[in-house]
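Have a look at the structure below before the remarks.
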Amino acid sequence: MELTSPTYLAKVKVQTVQDYVLFCLQAVANLFRKPLYFVDMVRQADTIGVGSLPIVVLTGFFTGAVLALQASNTLERFGSITLVGQLVSTSMVRELGPVLTSLMVAGRNSSGMASELGSMVVTEQIDAMRALGTDPMKKLVTPRVVATVFMLFFLAIISDLVGLVGGLAIAKLLLRLDARQYWSNAWETLVFQDVFMGLIKPVIFGFIIATIGCFYGMNARGGTQGVGRATTQAMVAASVLILAMDLFVTRFLMATLSYR
Amino acid sequence: MSAPTLPLDSAAVTAKEDSTPVIVFEDVALAFDDNEVLRGVSFHLPRGDTKAVFGVAGSGKSLILKLALGLIRPDSGRIQVLGQDVTKMPEKELFQLRGRIGMVFQESALFDSLTVRENVAYRLMEEHGIYDEDIDRRVREALRFVELEHTLDLDPSELSGGMRRRVAIARAIITQPELLLYDSPTGGLDPVTSNTIIELIVKQRDVYKTSALMVTHRLQDAFTMATHQFDKQANRMVLLPPGQHCEVPMSFLILRDGKVIFDGDLHQLAHSEDEYIQEYIS
């Protein structure tokens, strides 16, 4: 096996990061240049948003439910089982709703974008598009980025709500708590900072999902094997970046929003 | 084969009267890592002519087409297409230039998420935004030209290899470009289908006088093109008497080791004394 020099490896990694940053800048800059491909944006919003709805609803429901179940065990020891709603609500809105929704959408769409665009690259469809006078970045990448950012925002809200319903199901059916008490607890505990944090995260994660998926797809090389590799890499990279970025965004928002 | 009329763009007609070459390659070199694929390629394609590019696999034939389209940039040298230097042209300006060029890719490169109708109409849709009656008429004309009008609403996956190639030709000619680039248009096709494709290319050359650069590894296709002419009255390709072969606007270019070793017409090719060329054409 041929050994690769660490310097060369480092250069390749730095080059990839540089290419990714330029790719992102171009995707955003295209928003301010005609044509905008609005129809493609709507079509992508349908595929990405509506198509992801079932998995987001299921994930949200079961996460909320298991959160209530786990919390009840600890809260019961302190005689505070009535606070289940509060715990489910803050956990879902601040953290689990946006992050889990993003991870599910990344699994479904980041890899989907990478495989779709990668297939287009290896079958020369991207070259054909350029030959026909269309900028593939404008036609394929920017609509996917806009659609993912837009739809993930709403998917995260749906996930939060369904998570609360999942928590309610456990609270009512297993813990025998009053539904009204659960809701008022869940509602009253939320402050502006919680909601803001829960809504800013999907926007950032949506951008990561779409740009990573498109970046790996547009840079796929080496036939069907290359497309498979790009698909896996896109999903892994998007998931890791979402989790890493979550930490930094949370820390940043906690510091800047004068969090309690 | 029927020959329905495809309206000629007046701009294209005017352009054809221009005598400047449509493609000029000057000492073009291109390498991928340590692999030098093209090492100082120079040639020109006169307006209205068709040039067949030959060479063994990996000799850089398809790269010449991609370089001419500006899809990739050369390491050195200069490329002029339709009077414009594409070597350093920004991508935005290249998109405008590509609007005057049609390209048929090796594996057709039809958009598999679009129907045949949408594929053929793609360029017009990009220009006009909506699919109106005028676009529909032009799509049908282009598909009639390749005898595939009945495939309008089919997906590319439902077509045979030869049909896909013909749809790709329809997509390339719908705007009546000044220059057509064919990348192995008959590669992997049976002899009957290959002949149909060659007849379409000859028809485009002789009826609409479109300049073309055709990459191929099938000598017999290029020889057919050099010895036949499209008869508009008979609506088919006819064999010319031997004395009239020079009247056909057809030339040959052979690449070897990244360099042009032959650039001339059929007569010059047949009488070349170069051993490699003699062996190649035999």
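Note on naming: chains are A, B, ... as they come in the structure tokens, residues start from 1 per chain, ligands start from 1 in the order shown.
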**Request:** Would you mind listing what lies within 12 Å of Ile126 in chain A as a VMD selection string, with only C-alpha atoms counted and same-chain residues fewer than 2 positions away left out?
**Result:** (chain A and resid 116 to 124 128 to 141 217 to 220) or (chain B and resid 71 105 109 to 112)
**Asked** Could you pull the residues within 12 Å of range 247-250 of chain A, counting only C-alpha atoms, minus those fewer than 3 positions along the same chain, as a list in words?
**Response** Arg94, Glu95, Pro98, Val99, Gln193, Asp194, Phe196, Met197, Gly198, Leu199, Ile200, Lys201, Pro202, Val203, Ile204, Phe205, Val240, Leu241, Ile242, Leu243, Ala244, Leu253, Met254, Ala255, Thr256, Leu257 and Tyr259 of chain A
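Taking CA of Thr210 in chain B and CA of Asn235 in chain B as the two end points, the separation is 17.9 Å.
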**Asked** Out of range 86-272 of chain B, which residues get helix (DSSP H, G or I) from DSSP, as JSON, numbers by chain?
**Response** {"B": [91, 92, 93, 94, 95, 96, 97, 98, 116, 117, 118, 119, 120, 121, 122, 123, 124, 125, 126, 127, 128, 133, 134, 135, 136, 137, 138, 139, 140, 141, 142, 143, 144, 145, 149, 150, 151, 156, 157, 158, 161, 162, 163, 164, 165, 166, 167, 168, 169, 170, 171, 172, 173, 191, 192, 193, 194, 195, 196, 197, 198, 199, 200, 201, 202, 203, 204, 205, 206, 207, 208, 219, 220, 221, 222, 223, 224, 225, 226, 227, 242, 243, 244, 245, 246, 247, 266, 267, 268, 269, 270]}
**Message:** Select, as an NGL selection string, those residues of chain B with any atom no more than 7 Å from chain A (distances computed using only C-alpha atoms).
**Reply:** :B and (69 or 95-96 or 98-99 or 103 or 109-111 or 123)
**Request:** Measure the distance from CA of Gly40 in chain B to CA of Phe252 in chain B in Å and round it to one decimal.
**Result:** 17.8 Å
**Request:** Mind checking which residues fall within 12 Å of range 9-24 of chain A, counting only C-alpha atoms, ignoring those fewer than 4 positions away in the same chain, and posting them as a list in words?
**Result:**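 Non-adjacent residues within range: Leu3, Thr4, Ser5, Val28, Ala29, Asn30, Leu31, Pro136, Met137, Lys138, Val141, Thr142, Val145, Val146, Phe207, Ile208, Ile209, Ala210, Thr211, Ile212, Gly213, Cys214, Phe215, Tyr216, Gly217, Met218, Asn219 and Ala237 of chain A.
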**Message:** Report as a list in words all protein, DNA and RNA residues lying within 7 Å of Val139 in chain B, evaluated on only C-alpha atoms, omitting residues in the same chain fewer than 2 positions from it.
**Reply:**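 Skipping anything fewer than 2 positions along the chain leaves Arg117, Val120, Ala121, Ile135, Asp136, Arg137, Glu141, Ala142, Leu143 and Ile174 of chain B.
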Would you output that residue set with N, CA and C atoms, as a PDB file, in the first residue's frame?
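The result, stored in again.pdb:
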```pdb
ATOM      1  N   ARG B 117     -39.771  15.675 -24.513  1.00  0.00           N
ATOM      2  CA  ARG B 117     -40.240  17.019 -24.876  1.00  0.00           C
ATOM      3  C   ARG B 117     -39.463  18.085 -24.089  1.00  0.00           C
ATOM      4  N   VAL B 120     -35.725  18.318 -25.153  1.00  0.00           N
ATOM      5  CA  VAL B 120     -35.499  19.016 -26.422  1.00  0.00           C
ATOM      6  C   VAL B 120     -35.800  20.511 -26.263  1.00  0.00           C
ATOM      7  N   ALA B 121     -36.821  20.803 -25.458  1.00  0.00           N
ATOM      8  CA  ALA B 121     -37.224  22.208 -25.286  1.00  0.00           C
ATOM      9  C   ALA B 121     -36.348  22.944 -24.275  1.00  0.00           C
ATOM     10  N   ILE B 135     -42.716  27.195 -28.855  1.00  0.00           N
ATOM     11  CA  ILE B 135     -41.723  26.207 -28.406  1.00  0.00           C
ATOM     12  C   ILE B 135     -42.186  24.808 -28.785  1.00  0.00           C
ATOM     13  N   ASP B 136     -43.479  24.550 -28.591  1.00  0.00           N
ATOM     14  CA  ASP B 136     -44.013  23.223 -28.915  1.00  0.00           C
ATOM     15  C   ASP B 136     -43.826  22.917 -30.405  1.00  0.00           C
ATOM     16  N   ARG B 137     -44.066  23.912 -31.240  1.00  0.00           N
ATOM     17  CA  ARG B 137     -43.906  23.722 -32.691  1.00  0.00           C
ATOM     18  C   ARG B 137     -42.456  23.402 -33.032  1.00  0.00           C
ATOM     19  N   GLU B 141     -40.801  20.021 -34.580  1.00  0.00           N
ATOM     20  CA  GLU B 141     -40.004  20.067 -35.814  1.00  0.00           C
ATOM     21  C   GLU B 141     -38.650  19.385 -35.618  1.00  0.00           C
ATOM     22  N   ALA B 142     -38.016  19.694 -34.486  1.00  0.00           N
ATOM     23  CA  ALA B 142     -36.698  19.101 -34.215  1.00  0.00           C
ATOM     24  C   ALA B 142     -36.814  17.586 -34.067  1.00  0.00           C
ATOM     25  N   LEU B 143     -37.883  17.142 -33.407  1.00  0.00           N
ATOM     26  CA  LEU B 143     -38.065  15.692 -33.233  1.00  0.00           C
ATOM     27  C   LEU B 143     -38.469  15.017 -34.549  1.00  0.00           C
ATOM     28  N   ILE B 174     -32.078  22.331 -32.029  1.00  0.00           N
ATOM     29  CA  ILE B 174     -33.364  23.048 -31.960  1.00  0.00           C
ATOM     30  C   ILE B 174     -33.214  24.564 -32.147  1.00  0.00           C
TER      31      ILE B 174
END
```
**Closest of A:Met113, A:Leu164, A:Val42, A:Val56 to Ala238 in chain A - atom-to-atom distances counting only C-alpha atoms** = A:Met113
**Prompt:** Looking at B:Thr175, B:Ser108, B:Thr87, B:Ser113, which one is nearest to Gly161 in chain B, with distances taken over only C-alpha atoms?
**Reply:** B:Ser108
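Near Gln268 in chain B, within 12 Å and counting only C-alpha atoms, sit His245, Cys246, Met250, Ser251, Phe252, Leu253, Phe262, Asp274, Ile277 and Gln278 of chain B; same-chain residues fewer than 6 positions away were not included.
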For the selection you just gave me, I'd like the residues written to a file as a PDB file, in the first residue's frame, keeping N, CA and C atoms.
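The new file result-v6.pdb reads:
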```pdb
ATOM      1  N   HIS B 245     -15.745  13.745 -54.567  1.00  0.00           N
ATOM      2  CA  HIS B 245     -15.561  13.647 -53.113  1.00  0.00           C
ATOM      3  C   HIS B 245     -14.951  14.910 -52.514  1.00  0.00           C
ATOM      4  N   CYS B 246     -14.105  15.583 -53.319  1.00  0.00           N
ATOM      5  CA  CYS B 246     -13.431  16.792 -52.813  1.00  0.00           C
ATOM      6  C   CYS B 246     -14.411  17.934 -52.599  1.00  0.00           C
ATOM      7  N   MET B 250     -15.676  18.234 -45.908  1.00  0.00           N
ATOM      8  CA  MET B 250     -15.358  17.252 -44.862  1.00  0.00           C
ATOM      9  C   MET B 250     -13.850  17.081 -44.762  1.00  0.00           C
ATOM     10  N   SER B 251     -13.327  17.126 -43.548  1.00  0.00           N
ATOM     11  CA  SER B 251     -11.886  16.909 -43.380  1.00  0.00           C
ATOM     12  C   SER B 251     -11.637  15.972 -42.191  1.00  0.00           C
ATOM     13  N   PHE B 252     -10.393  15.550 -42.058  1.00  0.00           N
ATOM     14  CA  PHE B 252     -10.024  14.557 -41.043  1.00  0.00           C
ATOM     15  C   PHE B 252      -8.873  15.097 -40.188  1.00  0.00           C
ATOM     16  N   LEU B 253      -8.911  14.768 -38.915  1.00  0.00           N
ATOM     17  CA  LEU B 253      -7.837  15.166 -38.000  1.00  0.00           C
ATOM     18  C   LEU B 253      -7.464  13.931 -37.182  1.00  0.00           C
ATOM     19  N   PHE B 262      -2.175  14.396 -38.459  1.00  0.00           N
ATOM     20  CA  PHE B 262      -2.755  14.565 -39.788  1.00  0.00           C
ATOM     21  C   PHE B 262      -3.931  15.526 -39.712  1.00  0.00           C
ATOM     22  N   ASP B 274       2.531   8.352 -44.286  1.00  0.00           N
ATOM     23  CA  ASP B 274       2.850   8.069 -42.886  1.00  0.00           C
ATOM     24  C   ASP B 274       2.418   6.630 -42.559  1.00  0.00           C
ATOM     25  N   ILE B 277      -0.547   6.290 -40.098  1.00  0.00           N
ATOM     26  CA  ILE B 277      -1.845   6.624 -40.713  1.00  0.00           C
ATOM     27  C   ILE B 277      -2.296   5.518 -41.660  1.00  0.00           C
ATOM     28  N   GLN B 278      -1.341   5.007 -42.433  1.00  0.00           N
ATOM     29  CA  GLN B 278      -1.691   3.912 -43.358  1.00  0.00           C
ATOM     30  C   GLN B 278      -2.243   2.714 -42.589  1.00  0.00           C
TER      31      GLN B 278
END
```
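All residues in range 55-193 of chain B with a DSSP state of strand (DSSP E), computed from the backbone, read Ser76, Gly77, Arg78, Ile79, Gln80, Val81, Gln84, Asp85, Ile101, Gly102, Met103, Val104, Leu179, Leu180, Leu181, Tyr182 and Asp183 of chain B.
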Those same residues - N, CA and C atoms - I'd like them written as a short mmCIF file (atom, residue, chain, number, x, y, z; two decimals), in the first residue's frame.
```cif
data_model
loop_
_atom_site.label_atom_id
_atom_site.label_comp_id
_atom_site.auth_asym_id
_atom_site.auth_seq_id
_atom_site.Cartn_x
_atom_site.Cartn_y
_atom_site.Cartn_z
N SER B 76 -2.09 25.72 -21.55
CA SER B 76 -1.47 26.77 -22.37
C SER B 76 -2.06 26.72 -23.77
N GLY B 77 -1.74 27.72 -24.56
CA GLY B 77 -2.29 27.80 -25.91
C GLY B 77 -3.54 28.66 -25.95
N ARG B 78 -4.11 28.81 -27.14
CA ARG B 78 -5.26 29.70 -27.33
C ARG B 78 -6.34 28.99 -28.15
N ILE B 79 -7.58 29.17 -27.75
CA ILE B 79 -8.70 28.57 -28.47
C ILE B 79 -9.69 29.67 -28.83
N GLN B 80 -9.99 29.76 -30.12
CA GLN B 80 -10.99 30.73 -30.56
C GLN B 80 -12.18 29.97 -31.10
N VAL B 81 -13.36 30.33 -30.62
CA VAL B 81 -14.59 29.69 -31.10
C VAL B 81 -15.55 30.79 -31.53
N GLN B 84 -14.39 34.22 -30.87
CA GLN B 84 -14.12 34.68 -29.49
C GLN B 84 -13.13 33.76 -28.79
N ASP B 85 -12.23 34.39 -28.04
CA ASP B 85 -11.21 33.63 -27.32
C ASP B 85 -11.85 33.03 -26.06
N ILE B 101 -23.82 27.25 -29.81
CA ILE B 101 -23.18 25.97 -30.10
C ILE B 101 -24.09 24.82 -29.64
N GLY B 102 -24.13 23.77 -30.42
CA GLY B 102 -24.89 22.58 -30.01
C GLY B 102 -23.92 21.45 -29.75
N MET B 103 -24.21 20.66 -28.72
CA MET B 103 -23.29 19.56 -28.39
C MET B 103 -24.07 18.26 -28.20
N VAL B 104 -23.57 17.21 -28.83
CA VAL B 104 -24.15 15.88 -28.63
C VAL B 104 -23.12 15.06 -27.86
N LEU B 179 -22.53 26.12 -34.73
CA LEU B 179 -21.51 25.08 -34.62
C LEU B 179 -22.08 23.89 -33.85
N LEU B 180 -21.81 22.70 -34.39
CA LEU B 180 -22.25 21.49 -33.69
C LEU B 180 -21.03 20.64 -33.30
N LEU B 181 -21.05 20.13 -32.09
CA LEU B 181 -19.97 19.27 -31.62
C LEU B 181 -20.56 17.90 -31.32
N TYR B 182 -20.02 16.88 -31.98
CA TYR B 182 -20.53 15.52 -31.77
C TYR B 182 -19.45 14.69 -31.08
N ASP B 183 -19.78 14.11 -29.94
CA ASP B 183 -18.82 13.25 -29.25
C ASP B 183 -19.23 11.79 -29.46
#
```
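Proximity ranking of A:Gly163, A:Pro143, A:Gly79, A:Pro54 relative to Leu96 in chain A places A:Gly163 first, based on only C-alpha atoms.
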**Asked** Which neighbours of Ala65 in chain A fall inside 8 Å, counting only C-alpha atoms, when residues of the same chain fewer than 4 positions from it are skipped, and could you give them as a ChimeraX atom specification?
**Response** /A:61,69,163-170
**Request:** Extract, using only C-alpha atoms, all DNA, RNA and protein residues at most 12 Å from Glu247 in chain B, discarding same-chain residues fewer than 4 positions from it, and format them as a ChimeraX atom specification.
**Result:** /B:49,206,225-229,240-243,251,265-267
